[in-house]
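Worksheet for the structure shown next.
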Amino acid sequence: GSAIDVNHAHASNSNDQHCSILHVVQQGNPRTATTLQFESVSLCLFFHIREYCPTLLNTTSITFANKSTRWSLFYQNENVPQALKTHLGEFPNEKEMKMLNASMIFTTAKTKERAGLKKLSLEKRGFNVGPVQDLQTLSKIGAEGMFKRYASTFRINRHIDAMTEYIELWDILRMCCGLQMSKYWRNQLLKPSLRNPQLEPHPICGTTDIDDVERKFIGTSVYKLIDQYKHAAMLNKPSGGDGQLDGTYCSRYNAEVTRLGLNKLNSRSPRVDSQMPGFYKDQLKELIRYYTGNNVGDNVRA
């Protein structure tokens, strides 16, 4: 069976097994499946900590660095396990990274050739680099195949079936639900007059019962386990900005895309936004523009 006992962590008794990875940084250009990589390596870190140093599981943190926080979140406590996602262009100074015990960098690229060059460049700077995810390889082996590569890096193959089931369901939600859904599916959800005719229909979202996928996802043993740890809660959402899943969140958000014409990445809706953190000023402007057909949103104050 693939179920996990959500009430008991497991610590390896082998002397040669230990927490070899405590800190993870994920960085890559937008639209190179960075969210998939971050979800995958963060899940691996969570289970690595659970397997080899479970006393640290309560403090294991999944976070995002933006222009204001930059890398400061990553330096708060060397002994706190942490996965950090960022789109900032530069990795932290290698001397600072080396101050953090057991750190590993993960990044993405569009092509296999570019992935090899990025890995070589980072290793020359002295970083410990995990598998570099490229879109060419990802299209061949899928999210499941890529996840197994990460799991091997973190030495957590014991629950690979349960974790793979979780990632497969999450990947469908990532494409077909929420703020960072596929641009092809978002376009397909729009009313015909608002669609971009150059975008093809999404290959699976149109025939997927998204509420059924959402219910299966929140019913997995991995979801239930992560739900007990507030600092890792971001993992249980299609993206960090989405609200709490409840079995119908995705269909409600998708209905709002159609109703309000939300044709931009990270578009929010007042009707479901009560579940979402931080109603940003520029996104509020965007909603008002599409809802009223003018630029009255420029007067909004957040």
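Here, A, B, ... name the chains of the structure tokens in the order displayed, residue numbers run from 1 inside each chain, and ligands are numbered from 1 in the same displayed order.
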Test item: residues at most 7 Å from segment 28-38 of chain A, only C-alpha atoms, excluding those fewer than 5 positions along its chain, as a short mmCIF file (atom, residue, chain, number, x, y, z; two decimals) with C-alpha atoms, in the first residue's frame:
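The resulting file, selection-v9.cif, is shown below:
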data_model
loop_
_atom_site.label_atom_id
_atom_site.label_comp_id
_atom_site.auth_asym_id
_atom_site.auth_seq_id
_atom_site.Cartn_x
_atom_site.Cartn_y
_atom_site.Cartn_z
CA LYS A 85 11.63 29.65 -3.90
CA HIS A 87 12.63 34.37 -9.21
CA THR A 107 17.21 25.34 -10.85
CA THR A 108 15.44 25.02 -14.21
CA ALA A 109 16.16 25.55 -17.88
CA LYS A 110 14.31 25.32 -21.18
CA LEU A 135 11.54 21.33 -20.24
#
If you take only C-alpha atoms and a cut-off of 9 Å, which residues of segment 37-67 of chain A touch segment 163-178 of chain A, and what are their nearest atom pairs and distances in Å to one decimal, in chain and number order, as a Markdown table?
| residue | atom | partner | partner_atom | distance |
| --- | --- | --- | --- | --- |
| A:Glu39 | CA | A:Ile167 | CA | 8.1 |
| A:Ser40 | CA | A:Ile167 | CA | 7.2 |
| A:Leu43 | CA | A:Met163 | CA | 8.0 |
| A:Cys44 | CA | A:Met163 | CA | 8.7 |
Atom-to-atom span, atom CA of Thr111 of chain A and atom CA of Gly142 of chain A, Å |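 Here the two named atoms are 14.8 Å from each other.
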Excluding same-chain residues fewer than 6 positions from Thr153 of chain A, what lies within 12 Å of it counting only C-alpha atoms, as a ChimeraX atom specification?
-> /A:20-21,40-41,44-45,47-48,104-106,128-132,146-147
Taking the chain letters and numbering used in this document, name the residues of segment 22-252 of chain A that DSSP puts in helix (DSSP H, G or I), as a count of residues only.
-> 127
If we count only C-alpha atoms, what is near Asp227 of chain A at a cut-off of 10 Å, once residues fewer than 6 positions away on the same chain are taken out, given as a PyMOL selection string?
-> chain A and resi 6+218+221+233-236
Min atom-atom distance to Arg149 of chain A from the set A:Gln244, A:Gln133, A:Ser42, A:Gln27, counting only C-alpha atoms, belongs to A:Gln133
Given the choices A:Thr63, A:Ser103, A:Gln136, A:Asn58, which gets closest to Gly240 of chain A if the distance is worked out from only C-alpha atoms?
->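 Ranked by minimum distance to Gly240 of chain A, first place goes to A:Thr63.
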